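Written below as structure tokens is the structure these notes are about.
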Number of protein chains: 2
Amino acid sequence: MPRTIDHEERRQRIGEAVWRIVLREGVGAVSLRTVAAEAELVLGSLRHSFPTKDALLAFAMELAHERAAARVGRHAGVRDPWRRARAALHEVMPLDDERRVEMRVHLALMAESPAHERLAELAGAAHDAIRGLCLEALTVLRDAGLVRADLDLRRATTTLHALVDGLALHAMRDPRQRRAVVRALDEHLSSLR
Amino acid sequence: MPRTIDHEERRQRIGEAVWRIVLREGVGAVSLRTVAAEAELVLGSLRHSFPTKDALLAFAMELAHERAAARVGRHAGVRDPWRRARAALHEVMPLDDERRVEMRVHLALMAESPAHERLAELAGAAHDAIRGLCLEALTVLRDAGLVRADLDLRRATTTLHALVDGLALHAMRDPRQRRAVVRALDEHLSSLR
DNA sequence: GCAAACGTAGCACAGTCGTGCTAACGTCAC
DNA sequence: GTGACGTTAGCACGACTGTGCTACGTTTGC
């Protein structure tokens, strides 16, 4: 066998190279060659991990979702319902640069989804996951008596989900809005008492 | 002089051709040649109206914003404050196919803005315009006594703006959500009484 | 009729793209 | 050592890109 290479680690490094290009120059600048250069790889090596561009783009989006999902999962053990709900929702909003990159990549690749069916699937799955997160947060809060017991969970989820996505959009656009975004979310959750 | 051509009308026709391509195949498929074909023009003619690709993309985004702004302006005369606020906000949400295209184009070109400074400017202006719309709606409602007089307008605007953008995102993704989106907005505005 | 002006058509160039393909390299099992 | 094979390197092709540029038609004012 040849020199032992950690494929998964390399794939992630390549995925992050895609992110950086998307962030810095837009999706239009993503090509196998520019990504290879960004990851300090030769075209041949890159294509060993990702034979086609479609596979590369899909993985870059998947990676962003996985990272976010992993962060959300890390708060599963938090006891206090209020803190748990807040922490989970904060993880899908671009409150630091890491999350900001994920958000931009998600949006940029979503815009390309008409051309790449897999991207549309992934974007849909992410949408559903975030909606699920909102529903779960509201359920937890209701069971803990922290929001009105007669709250229509379905409708409240629709609103919370839209608010989270909208606030995320604004925090992505302007990092200075981060504190205002957190406050707006807190106010909304409080208003459901 | 040669045959008389309505330039503005032609530019708009070309802009709409860009929209259709963005919608159908993503921004990545937008090139001077594909746009010319979509607008049933020859490359040379297209380039008479838009010499460079940057100019073309910027105009396509501008056109979407202008159309939306024009629709919003059409409700300026509505007397009933509640109806006027609702109508204005509805115009920036993709509640029909026309508005849906505008929204997709806006998002797709926003994703390209790292590469094209002008697109970032336009996206920023649109963002501010929608925020202004939200603030105005809330002001009108407050002056009419339809929302709490002690409402913190700044904060309420942040929340309303995020909600509108988030709901817009969801209506764009899935047109079946349109009614739920309208209802969620109504519920939110009602909750400010 | 003539010339000027405007619009259309399209060639040409240098560059980049995705991808098929082959050749060399490095490391392990035996 | 020797063979096997995962990995790296990179050439080559046809297609497509944005843009500079020229030539041609067509219509108008005189």
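Quick note on naming: the chains in the structure tokens go A, B, ... in the order shown, residues restart at 1 in each chain, and ligands are numbered from 1 in order of appearance.
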
Where does chain D meet chain B within 8 Å, residue by residue, with the nearest atom pair and distance in Å to one decimal for each, counting only C-alpha atoms (C1' of nucleotides), listed by chain and rising number, as a Markdown table?
```
| residue | atom | partner | partner_atom | distance |
| --- | --- | --- | --- | --- |
| D:DT17 | C1' | B:Ser31 | CA | 7.7 |
| D:DG18 | C1' | B:Lys53 | CA | 7.5 |
| D:DT19 | C1' | B:Thr52 | CA | 7.8 |
| D:DT26 | C1' | B:Pro2 | CA | 5.7 |
| D:DT27 | C1' | B:Pro2 | CA | 3.8 |
| D:DT28 | C1' | B:Met1 | CA | 4.3 |
```

File dump, residues just selected, N, CA and C atoms (P, O5', C5', C4', C3', O3' and C1' of nucleotides), as a PDB file, in the first residue's frame:
```pdb
ATOM      1  P    DT D  17     -20.947  29.873 -22.258  1.00  0.00           P
ATOM      2  O5'  DT D  17     -19.847  30.893 -21.733  1.00  0.00           O
ATOM      3  C5'  DT D  17     -19.246  30.652 -20.439  1.00  0.00           C
ATOM      4  C4'  DT D  17     -18.064  31.569 -20.255  1.00  0.00           C
ATOM      5  C3'  DT D  17     -18.276  32.995 -20.725  1.00  0.00           C
ATOM      6  O3'  DT D  17     -18.941  33.719 -19.727  1.00  0.00           O
ATOM      7  C1'  DT D  17     -16.098  32.202 -21.299  1.00  0.00           C
ATOM      8  P    DG D  18     -19.577  35.152 -20.097  1.00  0.00           P
ATOM      9  O5'  DG D  18     -18.314  36.127 -20.204  1.00  0.00           O
ATOM     10  C5'  DG D  18     -17.538  36.375 -19.054  1.00  0.00           C
ATOM     11  C4'  DG D  18     -16.478  37.411 -19.372  1.00  0.00           C
ATOM     12  C3'  DG D  18     -17.026  38.758 -19.845  1.00  0.00           C
ATOM     13  O3'  DG D  18     -16.174  39.791 -19.352  1.00  0.00           O
ATOM     14  C1'  DG D  18     -15.737  37.781 -21.582  1.00  0.00           C
ATOM     15  P    DT D  19     -16.623  41.296 -19.508  1.00  0.00           P
ATOM     16  O5'  DT D  19     -15.801  41.687 -20.817  1.00  0.00           O
ATOM     17  C5'  DT D  19     -14.394  41.492 -20.821  1.00  0.00           C
ATOM     18  C4'  DT D  19     -13.847  41.710 -22.218  1.00  0.00           C
ATOM     19  C3'  DT D  19     -14.300  43.002 -22.911  1.00  0.00           C
ATOM     20  O3'  DT D  19     -13.141  43.751 -23.224  1.00  0.00           O
ATOM     21  C1'  DT D  19     -14.350  41.163 -24.382  1.00  0.00           C
ATOM     22  P    DT D  26     -30.896  45.525 -44.628  1.00  0.00           P
ATOM     23  O5'  DT D  26     -31.422  46.774 -43.793  1.00  0.00           O
ATOM     24  C5'  DT D  26     -31.421  46.714 -42.372  1.00  0.00           C
ATOM     25  C4'  DT D  26     -31.720  48.080 -41.797  1.00  0.00           C
ATOM     26  C3'  DT D  26     -32.739  48.893 -42.595  1.00  0.00           C
ATOM     27  O3'  DT D  26     -33.693  49.358 -41.671  1.00  0.00           O
ATOM     28  C1'  DT D  26     -30.857  50.212 -42.098  1.00  0.00           C
ATOM     29  P    DT D  27     -35.183  49.744 -42.187  1.00  0.00           P
ATOM     30  O5'  DT D  27     -35.241  51.284 -41.758  1.00  0.00           O
ATOM     31  C5'  DT D  27     -35.009  51.614 -40.393  1.00  0.00           C
ATOM     32  C4'  DT D  27     -34.423  52.993 -40.313  1.00  0.00           C
ATOM     33  C3'  DT D  27     -35.281  54.102 -40.937  1.00  0.00           C
ATOM     34  O3'  DT D  27     -35.792  54.913 -39.887  1.00  0.00           O
ATOM     35  C1'  DT D  27     -32.957  54.399 -41.331  1.00  0.00           C
ATOM     36  P    DT D  28     -36.930  55.960 -40.196  1.00  0.00           P
ATOM     37  O5'  DT D  28     -36.140  57.336 -40.165  1.00  0.00           O
ATOM     38  C5'  DT D  28     -35.489  57.781 -38.965  1.00  0.00           C
ATOM     39  C4'  DT D  28     -34.460  58.835 -39.300  1.00  0.00           C
ATOM     40  C3'  DT D  28     -35.037  60.107 -39.934  1.00  0.00           C
ATOM     41  O3'  DT D  28     -35.016  61.168 -38.973  1.00  0.00           O
ATOM     42  C1'  DT D  28     -33.007  59.391 -40.987  1.00  0.00           C
TER      43       DT D  28
END
```

Give me, as JSON lines, each residue of chain C that comes within 9 Å of chain A, together with its shortest interatomic pair and the distance in Å at one decimal, counting only C-alpha atoms (C1' of nucleotides), with rows ordered by chain and rising residue number.
```
{"residue": "C:DC17", "atom": "C1'", "partner": "A:Ser31", "partner_atom": "CA", "distance": 7.7}
{"residue": "C:DG18", "atom": "C1'", "partner": "A:Lys53", "partner_atom": "CA", "distance": 7.6}
{"residue": "C:DT19", "atom": "C1'", "partner": "A:Thr52", "partner_atom": "CA", "distance": 7.9}
{"residue": "C:DG26", "atom": "C1'", "partner": "A:Pro2", "partner_atom": "CA", "distance": 5.6}
{"residue": "C:DT27", "atom": "C1'", "partner": "A:Pro2", "partner_atom": "CA", "distance": 4.1}
{"residue": "C:DC28", "atom": "C1'", "partner": "A:Met1", "partner_atom": "CA", "distance": 4.5}
{"residue": "C:DA29", "atom": "C1'", "partner": "A:Met1", "partner_atom": "CA", "distance": 8.3}
```

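Minimum distance to chain A across B:Arg71, B:Arg86, B:His127, B:Arg79 (counting only C-alpha atoms) occurs at B:His127.
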
- Task: Check every residue of chain A for an atom within 7 Å of chain B, counting only C-alpha atoms, and provide those that qualify as a PyMOL selection string.
- Result: chain A and resi 24-28+107-108+111-115+159+162-163+165-167+184

File of the preceding selection, C-alpha atoms, as a PDB file, in the first residue's frame:
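result.pdb, written as the output of this step:
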```pdb
ATOM      1  CA  ARG A  24     -14.011  35.442  -0.591  1.00  0.00           C
ATOM      2  CA  GLU A  25     -14.980  35.379  -4.275  1.00  0.00           C
ATOM      3  CA  GLY A  26     -18.439  33.856  -4.581  1.00  0.00           C
ATOM      4  CA  VAL A  27     -19.607  30.499  -5.928  1.00  0.00           C
ATOM      5  CA  GLY A  28     -18.744  31.596  -9.425  1.00  0.00           C
ATOM      6  CA  LEU A 107     -27.125  30.310   0.874  1.00  0.00           C
ATOM      7  CA  ALA A 108     -24.695  30.432  -2.016  1.00  0.00           C
ATOM      8  CA  ALA A 111     -28.782  29.567  -5.133  1.00  0.00           C
ATOM      9  CA  GLU A 112     -27.049  27.038  -7.360  1.00  0.00           C
ATOM     10  CA  SER A 113     -29.499  24.263  -6.604  1.00  0.00           C
ATOM     11  CA  PRO A 114     -31.534  24.600  -9.801  1.00  0.00           C
ATOM     12  CA  ALA A 115     -28.505  23.225 -11.605  1.00  0.00           C
ATOM     13  CA  THR A 159     -43.107  31.974  13.213  1.00  0.00           C
ATOM     14  CA  ALA A 162     -38.969  32.363  10.103  1.00  0.00           C
ATOM     15  CA  LEU A 163     -37.649  34.647  12.807  1.00  0.00           C
ATOM     16  CA  ASP A 165     -33.813  32.359   9.590  1.00  0.00           C
ATOM     17  CA  GLY A 166     -34.452  36.069   9.134  1.00  0.00           C
ATOM     18  CA  LEU A 167     -32.292  37.047  12.082  1.00  0.00           C
ATOM     19  CA  ALA A 184     -34.613  39.883  19.417  1.00  0.00           C
TER      20      ALA A 184
END
```

- Task: Select from stretch 12-169 of chain A everything DSSP, run on the backbone, classes as alpha helix (DSSP H), then give the selection as an NGL selection string.
- Result: :A and (12-25 or 32-38 or 43-49 or 53-73 or 81-91 or 97-111 or 117-143 or 153-169)

Produce a file of the selected residues containing C-alpha atoms, as a short mmCIF file (atom, residue, chain, number, x, y, z; two decimals), in the first residue's frame.
```
data_model
loop_
_atom_site.label_atom_id
_atom_site.label_comp_id
_atom_site.auth_asym_id
_atom_site.auth_seq_id
_atom_site.Cartn_x
_atom_site.Cartn_y
_atom_site.Cartn_z
CA GLN A 12 -12.84 18.10 5.16
CA ARG A 13 -9.80 20.20 4.38
CA ILE A 14 -10.95 20.39 0.77
CA GLY A 15 -14.47 21.26 1.85
CA GLU A 16 -13.16 24.13 3.91
CA ALA A 17 -11.14 25.33 0.94
CA VAL A 18 -14.41 25.52 -1.00
CA TRP A 19 -15.91 27.54 1.83
CA ARG A 20 -13.12 30.05 1.79
CA ILE A 21 -13.45 30.60 -1.94
CA VAL A 22 -17.22 30.98 -1.72
CA LEU A 23 -16.78 33.49 1.06
CA ARG A 24 -14.01 35.44 -0.59
CA GLU A 25 -14.98 35.38 -4.27
CA LEU A 32 -11.70 22.26 -9.42
CA ARG A 33 -8.52 24.18 -10.12
CA THR A 34 -9.13 27.09 -7.75
CA VAL A 35 -10.16 24.70 -4.99
CA ALA A 36 -7.09 22.55 -5.53
CA ALA A 37 -4.89 25.63 -5.27
CA GLU A 38 -6.68 26.83 -2.13
CA LEU A 43 -5.67 18.91 -9.56
CA GLY A 44 -5.03 15.17 -9.85
CA SER A 45 -5.05 14.69 -6.08
CA LEU A 46 -8.20 16.72 -5.62
CA ARG A 47 -9.94 14.65 -8.25
CA HIS A 48 -8.92 11.52 -6.42
CA SER A 49 -11.12 12.64 -3.53
CA LYS A 53 -17.50 19.14 -9.42
CA ASP A 54 -21.00 18.14 -8.39
CA ALA A 55 -19.61 15.79 -5.74
CA LEU A 56 -17.37 18.55 -4.46
CA LEU A 57 -20.13 21.13 -4.13
CA ALA A 58 -22.51 18.67 -2.51
CA PHE A 59 -19.88 17.70 0.04
CA ALA A 60 -19.06 21.31 0.85
CA MET A 61 -22.72 21.93 1.67
CA GLU A 62 -23.07 18.68 3.60
CA LEU A 63 -20.02 19.54 5.65
CA ALA A 64 -21.51 22.87 6.68
CA HIS A 65 -24.71 21.16 7.80
CA GLU A 66 -22.84 18.44 9.67
CA ARG A 67 -20.74 20.93 11.56
CA ALA A 68 -23.83 22.86 12.63
CA ALA A 69 -25.69 19.70 13.58
CA ALA A 70 -22.74 18.53 15.66
CA ARG A 71 -22.68 21.80 17.57
CA VAL A 72 -26.41 21.58 18.21
CA GLY A 73 -26.02 18.04 19.51
CA PRO A 81 -34.85 24.10 29.33
CA TRP A 82 -34.53 27.80 28.66
CA ARG A 83 -30.75 27.65 28.22
CA ARG A 84 -30.98 24.52 26.14
CA ALA A 85 -33.51 26.02 23.72
CA ARG A 86 -31.51 29.22 23.38
CA ALA A 87 -28.21 27.42 22.89
CA ALA A 88 -29.61 25.16 20.18
CA LEU A 89 -31.12 28.03 18.22
CA HIS A 90 -27.95 30.10 18.54
CA GLU A 91 -26.01 27.34 16.85
CA ASP A 97 -17.21 33.78 12.00
CA GLU A 98 -17.35 29.99 11.83
CA ARG A 99 -21.13 29.97 11.75
CA ARG A 100 -21.12 32.92 9.37
CA VAL A 101 -19.14 30.98 6.78
CA GLU A 102 -21.52 28.05 7.05
CA MET A 103 -24.47 30.35 6.50
CA ARG A 104 -22.96 32.02 3.46
CA VAL A 105 -22.02 28.67 1.95
CA HIS A 106 -25.48 27.33 2.56
CA LEU A 107 -27.12 30.31 0.87
CA ALA A 108 -24.70 30.43 -2.02
CA LEU A 109 -25.07 26.75 -2.83
CA MET A 110 -28.84 26.98 -2.38
CA ALA A 111 -28.78 29.57 -5.13
CA GLU A 117 -30.42 18.41 -7.78
CA ARG A 118 -28.40 17.09 -4.86
CA LEU A 119 -27.89 20.61 -3.55
CA ALA A 120 -31.63 21.17 -3.55
CA GLU A 121 -32.11 17.97 -1.55
CA LEU A 122 -29.49 19.00 0.99
CA ALA A 123 -30.94 22.48 1.33
CA GLY A 124 -34.37 20.96 1.89
CA ALA A 125 -33.06 18.62 4.55
CA ALA A 126 -31.34 21.50 6.34
CA HIS A 127 -34.56 23.50 6.23
CA ASP A 128 -36.51 20.65 7.77
CA ALA A 129 -33.84 20.11 10.40
CA ILE A 130 -34.00 23.72 11.53
CA ARG A 131 -37.76 23.61 11.63
CA GLY A 132 -37.47 20.49 13.76
CA LEU A 133 -35.11 22.31 16.04
CA CYS A 134 -37.61 25.13 16.49
CA LEU A 135 -40.43 22.72 17.21
CA GLU A 136 -38.34 20.87 19.75
CA ALA A 137 -37.28 24.06 21.47
CA LEU A 138 -40.89 25.17 21.80
CA THR A 139 -41.96 21.77 23.04
CA VAL A 140 -39.28 21.75 25.70
CA LEU A 141 -40.27 25.23 26.82
CA ARG A 142 -43.93 24.36 26.94
CA ASP A 143 -43.36 21.19 28.92
CA LEU A 153 -47.19 24.64 18.47
CA ARG A 154 -47.52 24.36 14.70
CA ARG A 155 -48.08 28.04 14.16
CA ALA A 156 -45.57 29.09 16.76
CA THR A 157 -42.99 26.91 15.05
CA THR A 158 -43.64 28.56 11.70
CA THR A 159 -43.11 31.97 13.21
CA LEU A 160 -40.07 31.03 15.28
CA HIS A 161 -38.46 29.32 12.31
CA ALA A 162 -38.97 32.36 10.10
CA LEU A 163 -37.65 34.65 12.81
CA VAL A 164 -34.55 32.51 13.31
CA ASP A 165 -33.81 32.36 9.59
CA GLY A 166 -34.45 36.07 9.13
CA LEU A 167 -32.29 37.05 12.08
CA ALA A 168 -29.61 34.70 10.78
CA LEU A 169 -29.73 36.46 7.42
#
```

- Would you mind listing what lies within 12 Å of C:DA12 as a ChimeraX atom specification, with only C-alpha atoms (C1' of nucleotides) counted and same-chain residues fewer than 6 positions away left out? /D:19-22

- Task: Show which residues sit within 12 Å of C:DT22, as a list in words. Count only C-alpha atoms (C1' of nucleotides), and ignore same-chain residues fewer than 3 positions away.
- Result: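 What passes the distance filter is DA9, DG10, DC11 and DA12 of chain D.
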
- Å distance separating atom C1' of D:DA23 from atom CA of B:Glu8, one decimal place: 26.7 Å

- Message: For a test of reading the model, state the distance in Å between atom CA of A:Leu41 and atom C1' of D:DT8, rounded to one decimal.
- Response: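 Going from atom CA of A:Leu41 over to atom C1' of D:DT8, I get 9.6 Å.
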
- Item | Residues within 12 Å of D:DC30, only C-alpha atoms (C1' of nucleotides), excluding chain neighbours under 2 positions, as a PyMOL selection string | (chain C and resi 1-4) or (chain D and resi 28)

How about saving the chosen residues, N, CA and C atoms (P, O5', C5', C4', C3', O3' and C1' of nucleotides) kept, as a PDB file, in the first residue's frame?
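In the end it all went to out_4.pdb:
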```pdb
ATOM      1  P    DG C   1     -31.628  58.188 -56.275  1.00  0.00           P
ATOM      2  O5'  DG C   1     -30.320  58.903 -55.788  1.00  0.00           O
ATOM      3  C5'  DG C   1     -29.550  59.605 -56.742  1.00  0.00           C
ATOM      4  C4'  DG C   1     -28.584  60.454 -55.973  1.00  0.00           C
ATOM      5  C3'  DG C   1     -27.535  59.656 -55.211  1.00  0.00           C
ATOM      6  O3'  DG C   1     -26.316  60.389 -55.233  1.00  0.00           O
ATOM      7  C1'  DG C   1     -28.837  60.905 -53.678  1.00  0.00           C
ATOM      8  P    DC C   2     -24.981  59.756 -54.950  1.00  0.00           P
ATOM      9  O5'  DC C   2     -24.601  60.442 -53.568  1.00  0.00           O
ATOM     10  C5'  DC C   2     -25.097  61.742 -53.273  1.00  0.00           C
ATOM     11  C4'  DC C   2     -24.694  62.120 -51.859  1.00  0.00           C
ATOM     12  C3'  DC C   2     -23.729  61.140 -51.180  1.00  0.00           C
ATOM     13  O3'  DC C   2     -22.762  61.878 -50.455  1.00  0.00           O
ATOM     14  C1'  DC C   2     -25.699  61.318 -49.879  1.00  0.00           C
ATOM     15  P    DA C   3     -21.389  61.210 -50.046  1.00  0.00           P
ATOM     16  O5'  DA C   3     -21.392  61.503 -48.479  1.00  0.00           O
ATOM     17  C5'  DA C   3     -21.738  62.809 -48.026  1.00  0.00           C
ATOM     18  C4'  DA C   3     -22.297  62.713 -46.623  1.00  0.00           C
ATOM     19  C3'  DA C   3     -21.438  61.892 -45.663  1.00  0.00           C
ATOM     20  O3'  DA C   3     -21.365  62.599 -44.426  1.00  0.00           O
ATOM     21  C1'  DA C   3     -23.632  61.045 -45.666  1.00  0.00           C
ATOM     22  P    DA C   4     -20.109  62.402 -43.457  1.00  0.00           P
ATOM     23  O5'  DA C   4     -20.825  62.439 -42.038  1.00  0.00           O
ATOM     24  C5'  DA C   4     -21.950  63.283 -41.845  1.00  0.00           C
ATOM     25  C4'  DA C   4     -22.967  62.596 -40.961  1.00  0.00           C
ATOM     26  C3'  DA C   4     -22.353  61.821 -39.790  1.00  0.00           C
ATOM     27  O3'  DA C   4     -22.925  62.315 -38.590  1.00  0.00           O
ATOM     28  C1'  DA C   4     -23.979  60.499 -40.920  1.00  0.00           C
TER      29       DA C   4
ATOM     30  P    DT D  28     -36.930  55.960 -40.196  1.00  0.00           P
ATOM     31  O5'  DT D  28     -36.140  57.336 -40.165  1.00  0.00           O
ATOM     32  C5'  DT D  28     -35.489  57.781 -38.965  1.00  0.00           C
ATOM     33  C4'  DT D  28     -34.460  58.835 -39.300  1.00  0.00           C
ATOM     34  C3'  DT D  28     -35.037  60.107 -39.934  1.00  0.00           C
ATOM     35  O3'  DT D  28     -35.016  61.168 -38.973  1.00  0.00           O
ATOM     36  C1'  DT D  28     -33.007  59.391 -40.987  1.00  0.00           C
TER      37       DT D  28
END
```

- Message: If we count only C-alpha atoms (C1' of nucleotides) and set the cut-off at 7 Å, which residues sit around A:Leu192, ignoring sequence neighbours fewer than 2 positions away in its own chain? Please answer as a PyMOL selection string.
- Response: chain A and resi 147-148+188-190
